[in-house]
Amino acid sequence: MSIAMKRWRGALVVVLLLGLMTCVTFAQTNNMVRNAGVEDRMPFFWYVGQTGGTMSWSTAQVYDGEYSLKINKPSTGAAASWITGNQADTYWNSMQDVLYDIGGFIYLDGVTASATEGERVGLLWTFLDDGGSDIAGPIFLAADAGASGWQEVSDQVLLTSVPAEVYCEAIMESGATGTVYFDFFSLGSDPWTAGFFGNSAETPRGWMNWASSDLVGYANTTDAEAYSGDYSVKLMENDTESDEMVFYATPVPAEPETDYLIGVYVKTDGMNTDDGYYPTGVTTDRLDDRACLNFFYHTGDISHSWSLSGGDQFINFDQREASMDWQMFWAISRSPSDATGVSLRARFNPTVTGTAYYDDFFIYKLIPGDNLVTNNGFETETPFFWSENQTGGTLTWATDEAHDGTHSLKISKTGTGTAASWITGNQATTYWNNMQDVLYDIGGWVKVNLTTGSMTEGERTGLLWTFKDAGGADIAGPIFLAADPGVSDWQEVSDQVLLTAVPAEVKVEAIMEENATGEAWFDDFTLGSDPWTAGFFGQSAETVDGWMHWSDASLIGYAEVEDVGTDAHSGTHVVKMIENDTEPDEMVYYSVPVPVTAGNWYEFSVWVKVVNTSSVDSSYYTSAVIGDRLDDRAALNFFFHTGDIEESWSLTGGDQFIHFDQRADTSDGWVWYRAVALAPDDANGASMRARLNPEFVGEVWYDDFIIRETVISEVSVPEG
């Protein structure tokens, strides 16, 4: 019997565990994968039947491979057996009213038996109709009690009607004693209608294996390595022949249009490598020289069919180094509208070489929480860190005048009696600011078109600065930096202030006092000390509420919110980022941090449209979440915060990147990039950013950012 035949049948036996017994119980659990750590050391599709002996999954004698079914029976009086699940219509099997070849191999060790009923050793086959009546048989394929070594028992059976149930029982009858091994079972017709699930007795409960040719390496379980427990799945390939192999789980129920967290722990040794083989996000392309976790969704009756929706999906591992200690690889995936099930598999694509160990596979159903991102679609058109304060005029975030950039703060005031103003949040301790009892430069730019106004208190236009201690008392000032009403162009107003105590609160008010009328614009504010202790939040009045931007050089391109009408993913606004050179600068448009809970899972996602890019390569697949910055890529960048997220900027775990698909110079419309990450034990917050890394060239739009907790749901899965 050839290895090719062995593997082919193993592939067929590659799928069952659900619906094999009429009595099914359900356990409440989080992980949907059955026998996820392959620690249940019972054979796939086989169950203990009659209990007059000791049944074990054995390596002592095998016809082929590593395992066989063993029965040790020292005494008479009761039968002992293994029995399969229903072979008739499980998964892809569809037995018909045709001629079948049936059989298997048996090894006898110190056996007392005969050909007499009640004393036999062999395979008992039953073929039942819908009513439970025999269609043929039962058929007993008895071993020759006098034979030595492995012997084949086989026969043919012509079924006169389509069977509803077919079982094979590996049995020592009540009068037989000794030790018996069973292996390499067969069930087949011409043309093909069914194969034998559990034929090789090689894989553990809940799992099957398969290879595409007789060039297969190794795909089974091992106790040589484990992330947890004693066992893992080992895939090994020593050549680059055009074969592939998988070790795969039976499908479990899934719901349509539902989010799932799918992943596995992996360790590698001696793998083929390339500097560009970073871990990918979910892709539907099979990369031939990559090891991966492969999954797909099922439709229809997942116990009695094998119909897929959406095709193969791959999470390719990190192969930038030949060997890697245990790492978790995972992705978030939304099931299609017709999904009824999901399954996953350890997979070596055709030209992979090396060894990989897989352990603790998981599929978790996710329940998404509320979006935590402030102004996630940029439709709230108010300036970051500024809010309306005194209401004696009309306040607008204006584009008709700007000292620099495209926006300024505008006040229009036609009447006297009440002031009108914008006011900042607290500049003293927000985020990375840490103002001290030192000398500060303060100021900004103002443009006025006044009807009435002067430098006299009550008629001024300018910036009112307040510096307060923890008790609310003034440390200095208030200081009013008044604009000259006779100057019509942009004018700078500035001063210095020496603080005699560390301030608890510093605010700036852009104001037209009660008796000033006309129009005023405010822009490009300043706050600074030497050495640096703080900067001015909302300094440029350019970014929307909840968002800031930054670049690391004067070579900056463009990173602003823009109204693009119906071309936005939703609403009318997007973050538009443009870079036209490969100078070593980068830029980000980033959110304020939001609270998170340590130890919980969070989704980070965004809709992206690559309008154009020259930073293109056929290997530039979407990355998994990685800590490496790929310099010629556009990305979604996020990280977790520690400490007080309102008054510090302390990070944990460093930058994390999801690099976008840049295999073409433009994307096919809007693409949803999603990832999930576990908040570290010291995390209190999270933030995210649109990002063009230093050497990226092109234009990218971002819309509808999401940070939300994803709760792992308790689900029901069949046992046994």
# chains A, B, ... in the order shown; residues from 1 in each chain; ligands from 1
>>> select_by_dssp(residues="region 49-296 of chain A", states="strand (DSSP E)", output="PyMOL selection string")
chain A and resi 49-51+54-58+68-73+80-84+99-112+121-128+134-142+150-158+165-172+177-188+207-211+218-222+232-237+245-249+252-253+259-269+282-283+291-296
>>> residues_around(residues="Ala635 (chain A)", least_positions_apart="2", cutoff="12 Å", atoms="only C-alpha atoms", output="PDB file with N, CA and C atoms, in the first residue's frame")
ATOM      1  N   MET A 577      -4.386  62.372   2.837  1.00  0.00           N
ATOM      2  CA  MET A 577      -2.945  62.452   3.061  1.00  0.00           C
ATOM      3  C   MET A 577      -2.230  62.286   1.729  1.00  0.00           C
ATOM      4  N   GLU A 586       7.796  61.658   7.644  1.00  0.00           N
ATOM      5  CA  GLU A 586       6.549  60.917   7.755  1.00  0.00           C
ATOM      6  C   GLU A 586       5.512  61.842   8.354  1.00  0.00           C
ATOM      7  N   MET A 587       4.246  61.429   8.261  1.00  0.00           N
ATOM      8  CA  MET A 587       3.202  62.266   8.834  1.00  0.00           C
ATOM      9  C   MET A 587       2.063  61.395   9.323  1.00  0.00           C
ATOM     10  N   VAL A 588       1.382  61.919  10.334  1.00  0.00           N
ATOM     11  CA  VAL A 588       0.267  61.199  10.931  1.00  0.00           C
ATOM     12  C   VAL A 588      -0.868  62.174  11.211  1.00  0.00           C
ATOM     13  N   TYR A 589      -2.069  61.638  11.184  1.00  0.00           N
ATOM     14  CA  TYR A 589      -3.263  62.364  11.613  1.00  0.00           C
ATOM     15  C   TYR A 589      -3.884  61.470  12.671  1.00  0.00           C
ATOM     16  N   SER A 605      -9.889  49.621  13.461  1.00  0.00           N
ATOM     17  CA  SER A 605     -10.195  49.485  12.037  1.00  0.00           C
ATOM     18  C   SER A 605     -10.439  50.838  11.398  1.00  0.00           C
ATOM     19  N   VAL A 606     -10.366  50.854  10.065  1.00  0.00           N
ATOM     20  CA  VAL A 606     -10.564  52.078   9.301  1.00  0.00           C
ATOM     21  C   VAL A 606     -10.883  51.705   7.865  1.00  0.00           C
ATOM     22  N   TRP A 607     -11.639  52.550   7.215  1.00  0.00           N
ATOM     23  CA  TRP A 607     -11.876  52.419   5.773  1.00  0.00           C
ATOM     24  C   TRP A 607     -10.845  53.264   5.032  1.00  0.00           C
ATOM     25  N   VAL A 608     -10.241  52.673   4.003  1.00  0.00           N
ATOM     26  CA  VAL A 608      -9.121  53.311   3.305  1.00  0.00           C
ATOM     27  C   VAL A 608      -9.339  53.247   1.799  1.00  0.00           C
ATOM     28  N   LYS A 609      -8.986  54.340   1.146  1.00  0.00           N
ATOM     29  CA  LYS A 609      -8.988  54.384  -0.313  1.00  0.00           C
ATOM     30  C   LYS A 609      -7.629  54.892  -0.772  1.00  0.00           C
ATOM     31  N   VAL A 610      -6.875  54.027  -1.442  1.00  0.00           N
ATOM     32  CA  VAL A 610      -5.607  54.449  -2.026  1.00  0.00           C
ATOM     33  C   VAL A 610      -5.921  55.063  -3.390  1.00  0.00           C
ATOM     34  N   TYR A 620       3.626  43.416  -1.598  1.00  0.00           N
ATOM     35  CA  TYR A 620       3.105  44.326  -0.575  1.00  0.00           C
ATOM     36  C   TYR A 620       1.660  43.973  -0.204  1.00  0.00           C
ATOM     37  N   TYR A 621       1.501  42.795   0.406  1.00  0.00           N
ATOM     38  CA  TYR A 621       0.204  42.390   0.928  1.00  0.00           C
ATOM     39  C   TYR A 621      -0.103  43.158   2.215  1.00  0.00           C
ATOM     40  N   THR A 622      -1.371  43.176   2.583  1.00  0.00           N
ATOM     41  CA  THR A 622      -1.753  43.720   3.878  1.00  0.00           C
ATOM     42  C   THR A 622      -0.989  42.990   4.971  1.00  0.00           C
ATOM     43  N   SER A 623      -0.410  43.726   5.885  1.00  0.00           N
ATOM     44  CA  SER A 623       0.327  43.076   6.970  1.00  0.00           C
ATOM     45  C   SER A 623      -0.617  42.715   8.106  1.00  0.00           C
ATOM     46  N   ALA A 624      -0.182  41.752   8.891  1.00  0.00           N
ATOM     47  CA  ALA A 624      -0.800  41.554  10.190  1.00  0.00           C
ATOM     48  C   ALA A 624      -0.401  42.719  11.080  1.00  0.00           C
ATOM     49  N   VAL A 625      -0.875  42.735  12.310  1.00  0.00           N
ATOM     50  CA  VAL A 625      -0.417  43.739  13.270  1.00  0.00           C
ATOM     51  C   VAL A 625       1.042  43.441  13.598  1.00  0.00           C
ATOM     52  N   ILE A 626       1.936  44.366  13.256  1.00  0.00           N
ATOM     53  CA  ILE A 626       3.358  44.168  13.526  1.00  0.00           C
ATOM     54  C   ILE A 626       3.941  45.426  14.169  1.00  0.00           C
ATOM     55  N   GLY A 627       5.031  45.231  14.887  1.00  0.00           N
ATOM     56  CA  GLY A 627       5.703  46.367  15.520  1.00  0.00           C
ATOM     57  C   GLY A 627       6.732  47.027  14.629  1.00  0.00           C
ATOM     58  N   ASP A 628       6.969  46.448  13.438  1.00  0.00           N
ATOM     59  CA  ASP A 628       7.952  47.001  12.509  1.00  0.00           C
ATOM     60  C   ASP A 628       7.305  48.035  11.590  1.00  0.00           C
ATOM     61  N   ARG A 629       7.956  49.171  11.444  1.00  0.00           N
ATOM     62  CA  ARG A 629       7.511  50.202  10.508  1.00  0.00           C
ATOM     63  C   ARG A 629       8.133  49.916   9.141  1.00  0.00           C
ATOM     64  N   LEU A 630       7.293  49.669   8.143  1.00  0.00           N
ATOM     65  CA  LEU A 630       7.770  49.436   6.782  1.00  0.00           C
ATOM     66  C   LEU A 630       7.765  50.781   6.065  1.00  0.00           C
ATOM     67  N   ASP A 631       8.951  51.301   5.720  1.00  0.00           N
ATOM     68  CA  ASP A 631       9.119  52.716   5.405  1.00  0.00           C
ATOM     69  C   ASP A 631       8.403  53.195   4.154  1.00  0.00           C
ATOM     70  N   ASP A 632       8.159  52.312   3.183  1.00  0.00           N
ATOM     71  CA  ASP A 632       7.489  52.789   1.965  1.00  0.00           C
ATOM     72  C   ASP A 632       6.033  52.362   1.912  1.00  0.00           C
ATOM     73  N   ARG A 633       5.416  52.270   3.094  1.00  0.00           N
ATOM     74  CA  ARG A 633       4.026  51.815   3.168  1.00  0.00           C
ATOM     75  C   ARG A 633       3.139  52.850   3.861  1.00  0.00           C
ATOM     76  N   ASN A 637      -1.918  52.998  12.254  1.00  0.00           N
ATOM     77  CA  ASN A 637      -0.976  52.870  13.356  1.00  0.00           C
ATOM     78  C   ASN A 637      -1.755  53.068  14.655  1.00  0.00           C
ATOM     79  N   PHE A 638      -1.522  52.209  15.635  1.00  0.00           N
ATOM     80  CA  PHE A 638      -2.203  52.392  16.923  1.00  0.00           C
ATOM     81  C   PHE A 638      -1.281  51.961  18.045  1.00  0.00           C
ATOM     82  N   ASP A 655       4.586  51.126  19.114  1.00  0.00           N
ATOM     83  CA  ASP A 655       3.779  51.318  17.910  1.00  0.00           C
ATOM     84  C   ASP A 655       3.373  49.980  17.315  1.00  0.00           C
ATOM     85  N   GLN A 656       2.147  49.915  16.845  1.00  0.00           N
ATOM     86  CA  GLN A 656       1.668  48.736  16.135  1.00  0.00           C
ATOM     87  C   GLN A 656       1.067  49.201  14.810  1.00  0.00           C
ATOM     88  N   PHE A 657       1.382  48.453  13.751  1.00  0.00           N
ATOM     89  CA  PHE A 657       1.048  48.889  12.398  1.00  0.00           C
ATOM     90  C   PHE A 657       0.227  47.828  11.667  1.00  0.00           C
ATOM     91  N   ILE A 658      -0.733  48.304  10.894  1.00  0.00           N
ATOM     92  CA  ILE A 658      -1.387  47.487   9.875  1.00  0.00           C
ATOM     93  C   ILE A 658      -1.075  48.163   8.548  1.00  0.00           C
ATOM     94  N   HIS A 659      -0.171  47.585   7.772  1.00  0.00           N
ATOM     95  CA  HIS A 659       0.210  48.174   6.493  1.00  0.00           C
ATOM     96  C   HIS A 659      -0.763  47.714   5.410  1.00  0.00           C
ATOM     97  N   PHE A 660      -1.096  48.635   4.522  1.00  0.00           N
ATOM     98  CA  PHE A 660      -2.154  48.370   3.560  1.00  0.00           C
ATOM     99  C   PHE A 660      -1.636  47.616   2.339  1.00  0.00           C
ATOM    100  N   ASP A 661      -2.577  47.104   1.582  1.00  0.00           N
ATOM    101  CA  ASP A 661      -2.282  46.403   0.333  1.00  0.00           C
ATOM    102  C   ASP A 661      -1.791  47.418  -0.702  1.00  0.00           C
ATOM    103  N   GLN A 662      -0.530  47.272  -1.125  1.00  0.00           N
ATOM    104  CA  GLN A 662       0.043  48.159  -2.139  1.00  0.00           C
ATOM    105  C   GLN A 662       0.606  47.352  -3.307  1.00  0.00           C
ATOM    106  N   TYR A 673      -9.914  47.887   6.591  1.00  0.00           N
ATOM    107  CA  TYR A 673      -8.792  47.245   7.257  1.00  0.00           C
ATOM    108  C   TYR A 673      -9.119  47.116   8.739  1.00  0.00           C
ATOM    109  N   ARG A 674      -8.984  45.883   9.249  1.00  0.00           N
ATOM    110  CA  ARG A 674      -9.397  45.603  10.621  1.00  0.00           C
ATOM    111  C   ARG A 674      -8.338  44.769  11.327  1.00  0.00           C
ATOM    112  N   MET A 688      -5.244  55.934  17.833  1.00  0.00           N
ATOM    113  CA  MET A 688      -4.929  55.421  16.499  1.00  0.00           C
ATOM    114  C   MET A 688      -4.641  56.580  15.561  1.00  0.00           C
ATOM    115  N   ARG A 689      -4.022  56.246  14.424  1.00  0.00           N
ATOM    116  CA  ARG A 689      -3.597  57.314  13.527  1.00  0.00           C
ATOM    117  C   ARG A 689      -3.511  56.851  12.079  1.00  0.00           C
ATOM    118  N   ALA A 690      -3.929  57.733  11.197  1.00  0.00           N
ATOM    119  CA  ALA A 690      -3.629  57.588   9.779  1.00  0.00           C
ATOM    120  C   ALA A 690      -2.162  57.926   9.606  1.00  0.00           C
ATOM    121  N   ARG A 691      -1.438  57.107   8.820  1.00  0.00           N
ATOM    122  CA  ARG A 691       0.017  57.311   8.783  1.00  0.00           C
ATOM    123  C   ARG A 691       0.594  57.004   7.402  1.00  0.00           C
ATOM    124  N   LEU A 692       1.415  57.930   6.908  1.00  0.00           N
ATOM    125  CA  LEU A 692       2.261  57.683   5.750  1.00  0.00           C
ATOM    126  C   LEU A 692       3.694  57.598   6.250  1.00  0.00           C
ATOM    127  N   ASN A 693       4.298  56.438   6.094  1.00  0.00           N
ATOM    128  CA  ASN A 693       5.673  56.240   6.549  1.00  0.00           C
ATOM    129  C   ASN A 693       6.652  56.986   5.633  1.00  0.00           C
ATOM    130  N   PRO A 694       7.926  57.121   6.029  1.00  0.00           N
ATOM    131  CA  PRO A 694       8.826  58.114   5.420  1.00  0.00           C
ATOM    132  C   PRO A 694       8.958  58.091   3.904  1.00  0.00           C
ATOM    133  N   PHE A 696       6.901  56.551   1.604  1.00  0.00           N
ATOM    134  CA  PHE A 696       5.686  56.343   0.814  1.00  0.00           C
ATOM    135  C   PHE A 696       5.434  57.544  -0.089  1.00  0.00           C
ATOM    136  N   VAL A 700      -3.684  58.960  -0.104  1.00  0.00           N
ATOM    137  CA  VAL A 700      -4.524  57.986   0.586  1.00  0.00           C
ATOM    138  C   VAL A 700      -5.597  58.727   1.370  1.00  0.00           C
ATOM    139  N   TRP A 701      -6.835  58.215   1.291  1.00  0.00           N
ATOM    140  CA  TRP A 701      -7.945  58.766   2.074  1.00  0.00           C
ATOM    141  C   TRP A 701      -8.312  57.784   3.179  1.00  0.00           C
ATOM    142  N   TYR A 702      -8.660  58.323   4.352  1.00  0.00           N
ATOM    143  CA  TYR A 702      -9.067  57.525   5.507  1.00  0.00           C
ATOM    144  C   TYR A 702     -10.442  58.014   5.972  1.00  0.00           C
TER     145      TYR A 702
END
>>> residues_around(residues="Gln491 (chain A)", least_positions_apart="6", cutoff="10 Å", atoms="only C-alpha atoms", output="PDB file with N, CA and C atoms, in the first residue's frame")
ATOM      1  N   HIS A 403      -3.736  82.487   8.852  1.00  0.00           N
ATOM      2  CA  HIS A 403      -2.351  82.949   8.848  1.00  0.00           C
ATOM      3  C   HIS A 403      -1.449  81.932   8.169  1.00  0.00           C
ATOM      4  N   GLY A 444       0.318  84.613  19.655  1.00  0.00           N
ATOM      5  CA  GLY A 444      -0.510  84.137  18.562  1.00  0.00           C
ATOM      6  C   GLY A 444      -0.630  85.214  17.513  1.00  0.00           C
ATOM      7  N   TRP A 445      -1.380  84.899  16.458  1.00  0.00           N
ATOM      8  CA  TRP A 445      -1.593  85.834  15.360  1.00  0.00           C
ATOM      9  C   TRP A 445      -3.070  86.192  15.282  1.00  0.00           C
ATOM     10  N   VAL A 446      -3.304  87.487  15.059  1.00  0.00           N
ATOM     11  CA  VAL A 446      -4.670  88.009  15.026  1.00  0.00           C
ATOM     12  C   VAL A 446      -4.826  88.905  13.806  1.00  0.00           C
ATOM     13  N   LYS A 447      -6.002  88.813  13.171  1.00  0.00           N
ATOM     14  CA  LYS A 447      -6.362  89.748  12.097  1.00  0.00           C
ATOM     15  C   LYS A 447      -7.715  90.340  12.450  1.00  0.00           C
ATOM     16  N   VAL A 448      -7.815  91.684  12.337  1.00  0.00           N
ATOM     17  CA  VAL A 448      -9.068  92.344  12.724  1.00  0.00           C
ATOM     18  C   VAL A 448      -9.615  93.177  11.572  1.00  0.00           C
ATOM     19  N   ALA A 483      -4.665  93.036  20.158  1.00  0.00           N
ATOM     20  CA  ALA A 483      -4.324  93.383  18.778  1.00  0.00           C
ATOM     21  C   ALA A 483      -4.511  94.883  18.574  1.00  0.00           C
ATOM     22  N   ASP A 484      -3.697  95.467  17.706  1.00  0.00           N
ATOM     23  CA  ASP A 484      -3.812  96.882  17.352  1.00  0.00           C
ATOM     24  C   ASP A 484      -4.988  97.026  16.389  1.00  0.00           C
ATOM     25  N   PHE A 522      -8.164  84.404  14.447  1.00  0.00           N
ATOM     26  CA  PHE A 522      -7.078  84.038  15.358  1.00  0.00           C
ATOM     27  C   PHE A 522      -6.420  82.749  14.843  1.00  0.00           C
TER      28      PHE A 522
END
>>> atom_distance(atom1="CA of Phe196 (chain A)", atom2="CA of Asn93 (chain A)")
8.7 Å
>>> residues_around(residues="Asp275 (chain A)", least_positions_apart="3", cutoff="8 Å", atoms="only C-alpha atoms", output="PyMOL selection string")
chain A and resi 278+319-321
>>> atom_distance(atom1="CA of Ala356 (chain A)", atom2="CA of Ala219 (chain A)")
9.8 Å
>>> atom_distance(atom1="CA of Asp668 (chain A)", atom2="CA of Asn612 (chain A)")
10.9 Å
